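A quick write-up on the structure given underneath.
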Amino acid sequence: MNKSQRVIIGIIGIAMIAWSINLYLYPIKLGAFPIRKELINITGVISFLMMGVIMLLAVRPKWLDRSLGLDKMYHLHKWAGIWAIVFAGLHYVIKIGKPVLQLFFEQGPRMKGARPELTGLQGWLDQYVGFAKDVGEYLVYFLLIILVLTLWNKFSYKIWRYTHKLMAPVFLLLAIHAVVLTPWHYWFQPLGILVGLATIIGSVCAVISMFGLIGKTLTHSGKVLEVKKMGNCIEVTCKLSGEWQHKAGQYAFFKHDKLEGAHPFTIASADEGDNIVRFSIKALGDYTDYLQNNIHVGDRVEVEGPYGLFDYQRSESSQQVWIGGGIGITPFIAWVESMIQNNDRETQVNFYYCACNEQEADYANYLQSLCENLPNVRLHVHCSDVAGYLTADKLMKDLDEKVSDIWFCGPSGFAKKLKSDLKSHYEAVAPNFHQEIFQMR
């Protein structure tokens, strides 16, 4: 179970515990309609808590990056969003399912007499019940559309990005829906505390997003010093302003076109203390296609960061395996440069650079020249057209029980197959498998 799954389950678990406390303090009569009402409440609370987590992750807080890593944050962001919309859908379906229940169950007599007049804050909130219900209904449809566009990978990222920016004002409307319709007695117990925290944290993050303040304190202006063609990639070297520091293997958000916005790329160079960073960019989508022919020396850029925890020095021992697939080789280039810079001769590495063929192994010659200065790093350029795909069986020929960590950056399907096969090969505990799982959607 990965970190994202644990967080999702944890949020649901905490909400269910708080709900159980509410049911203990305010028991309900057994029956289809009282149970329906409680299910409407708890599905709404869980969905709103997930939305609060989404908004927090969207502002990329540095303190959270230091514990999770940027790639894990975006992975969690994606799945929290999916589950938020799933529970929002359940919330709405249960609400509109009342006529179906009426076919099979009797609702019971309604209370007669005038509705008690509400006063104070409760009375003020009650004025907006109709508005809050309407807003919730319309936003469910919007969220379902966003879910479809997010899962539809062929849909233009550029257009999706602008629709995703609407999530900040959408959250503020959902906060109104949640606060107005939360049962009054919830506010005096754990469920109300959870809703209140999600409202405050999510609303603050939504305002930060709407005013374009995300990552502002970590953003450095810069100028392109060099654009170099490297086979199927381009290398973009930039000189940044201010005080810039990064660890080899970290990410940064790179902005060349203001309309396009910032995109994350791994920094493909070690930090030499000169405010110069290098990015290796392969044409894999609309924006990266655009950059291949439209970025030039002298262009102004903005770089936000650094982020991420992909750092080989966090390993438990000096015996390691590095595997870079395709453009996933970029953090390892920075690592090798860093090892030379720091005169690291202790870390023992079997380093696999995987490509479809020799023509696509753009950095093979450069890495071989670097590794000549590092006798402790054994570089294997693995081309699948000749040697087949790199498998656990092939790795086992070079590995031994002393290997504690495998560092991987490349296609997710490749990683999943390797992890599965390695677990079956090791009778004892398999090496720690560190993987970059960065995906924007």
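Within each chain, counting starts at residue 1; across the structure tokens, chains are named A, B, ... in the order shown, with ligands numbered 1 upward in that order.
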Output as a tab-separated table (two decimals) with N, CA and C atoms, in the first residue's frame all residues of range 218-327 of chain A that backbone DSSP marks as helix (DSSP H, G or I).
chain	number	residue	atom	x	y	z
A	218	LEU	N	9.18	30.97	-3.95
A	218	LEU	CA	10.21	30.05	-4.46
A	218	LEU	C	10.50	30.27	-5.94
A	286	ASP	N	1.79	18.56	-25.87
A	286	ASP	CA	1.61	19.86	-26.53
A	286	ASP	C	2.72	20.84	-26.17
A	287	TYR	N	2.95	21.01	-24.87
A	287	TYR	CA	3.89	22.04	-24.42
A	287	TYR	C	5.33	21.66	-24.76
A	288	THR	N	5.71	20.41	-24.52
A	288	THR	CA	7.08	19.99	-24.81
A	288	THR	C	7.34	20.00	-26.32
A	289	ASP	N	6.31	19.72	-27.12
A	289	ASP	CA	6.44	19.86	-28.58
A	289	ASP	C	6.73	21.31	-28.94
A	290	TYR	N	5.98	22.21	-28.30
A	290	TYR	CA	6.13	23.65	-28.56
A	290	TYR	C	7.55	24.13	-28.22
A	291	LEU	N	8.08	23.64	-27.10
A	291	LEU	CA	9.40	24.11	-26.67
A	291	LEU	C	10.52	23.70	-27.62
A	292	GLN	N	10.35	22.59	-28.30
A	292	GLN	CA	11.42	22.09	-29.17
A	292	GLN	C	11.87	23.14	-30.18
A	293	ASN	N	10.95	23.96	-30.67
A	293	ASN	CA	11.28	24.92	-31.73
A	293	ASN	C	11.05	26.38	-31.35
A	294	ASN	N	10.58	26.62	-30.11
A	294	ASN	CA	10.18	27.99	-29.78
A	294	ASN	C	10.88	28.58	-28.57
A	312	TYR	N	19.66	9.85	-3.85
A	312	TYR	CA	20.30	8.56	-3.59
A	312	TYR	C	21.00	8.53	-2.23
A	313	GLN	N	21.33	9.69	-1.68
A	313	GLN	CA	22.02	9.73	-0.39
A	313	GLN	C	21.11	9.34	0.78
A	314	ARG	N	19.81	9.18	0.50
A	314	ARG	CA	18.88	8.73	1.53
A	314	ARG	C	18.88	7.21	1.66
A	326	GLY	N	14.34	6.05	-20.68
A	326	GLY	CA	14.01	7.17	-21.56
A	326	GLY	C	14.42	8.49	-20.94
A	327	ILE	N	13.48	9.46	-20.94
A	327	ILE	CA	13.77	10.77	-20.37
A	327	ILE	C	13.89	10.69	-18.86
Do you know which residues are at most 12 Å from Val100 in chain A counting only C-alpha atoms, after dropping those on the same chain fewer than 6 positions away, and could you put them as a PyMOL selection string? chain A and resi 32-33+36+93-94+106-107
Export, as an mmCIF file, in the first residue's frame, the selected residues with N, CA and C atoms.
data_model
loop_
_atom_site.group_PDB
_atom_site.id
_atom_site.type_symbol
_atom_site.label_atom_id
_atom_site.label_comp_id
_atom_site.auth_asym_id
_atom_site.auth_seq_id
_atom_site.Cartn_x
_atom_site.Cartn_y
_atom_site.Cartn_z
ATOM 1 N N ALA A 32 -35.365 3.295 6.662
ATOM 2 C CA ALA A 32 -34.732 3.656 5.399
ATOM 3 C C ALA A 32 -34.455 5.157 5.300
ATOM 4 N N PHE A 33 -35.406 5.986 5.726
ATOM 5 C CA PHE A 33 -35.258 7.424 5.531
ATOM 6 C C PHE A 33 -34.300 8.072 6.523
ATOM 7 N N ARG A 36 -30.957 7.037 5.219
ATOM 8 C CA ARG A 36 -30.662 7.812 3.998
ATOM 9 C C ARG A 36 -30.104 9.183 4.356
ATOM 10 N N VAL A 93 -26.604 11.051 -5.580
ATOM 11 C CA VAL A 93 -27.484 9.933 -5.968
ATOM 12 C C VAL A 93 -28.391 9.536 -4.801
ATOM 13 N N ILE A 94 -27.813 9.476 -3.595
ATOM 14 C CA ILE A 94 -28.630 9.128 -2.415
ATOM 15 C C ILE A 94 -29.695 10.194 -2.185
ATOM 16 N N GLU A 106 -42.334 3.165 3.835
ATOM 17 C CA GLU A 106 -43.160 4.275 4.270
ATOM 18 C C GLU A 106 -42.291 5.286 5.003
ATOM 19 N N GLN A 107 -42.493 6.547 4.661
ATOM 20 C CA GLN A 107 -41.653 7.582 5.249
ATOM 21 C C GLN A 107 -42.064 7.910 6.672
#
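Reported to one decimal place, the separation of CA of Glu358 in chain A from CA of Phe414 in chain A is 18.8 Å.
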Using 12 Å as the limit and counting only C-alpha atoms, can you tabulate each residue of range 249-282 of chain A that touches range 155-168 of chain A, with its shortest atom-to-atom distance in Å and the two atoms involved, as a tab-separated table?
residue	atom	partner	partner_atom	distance
A:Asp257	CA	A:Lys158	CA	11.7
A:Lys258	CA	A:Lys158	CA	11.9
A:Leu259	CA	A:Lys158	CA	9.2
A:Glu260	CA	A:Lys158	CA	6.7
A:Gly261	CA	A:Arg161	CA	8.8
A:Ala262	CA	A:Arg161	CA	10.5
A:His263	CA	A:Arg161	CA	10.7
Generate the output file for the selected residues, C-alpha atoms, as a JSON list (two decimals), in the first residue's frame.
[["chain", "number", "residue", "atom", "x", "y", "z"],
["A", 257, "ASP", "CA", 5.07, 31.05, -21.92],
["A", 258, "LYS", "CA", 2.80, 32.85, -19.42],
["A", 259, "LEU", "CA", -0.34, 31.64, -21.19],
["A", 260, "GLU", "CA", 0.89, 28.06, -21.03],
["A", 261, "GLY", "CA", 1.91, 28.29, -17.38],
["A", 262, "ALA", "CA", 4.54, 26.37, -15.44],
["A", 263, "HIS", "CA", 5.40, 22.73, -16.10]]
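Distance-wise, CA of Val148 in chain A and CA of Leu174 in chain A end up 19.6 Å apart.
Among A:Ile340, A:Trp184, A:Trp79, A:Ile193, the residue with the shortest atom-to-atom distance to Ile14 in chain A, counting only C-alpha atoms, is A:Ile193.
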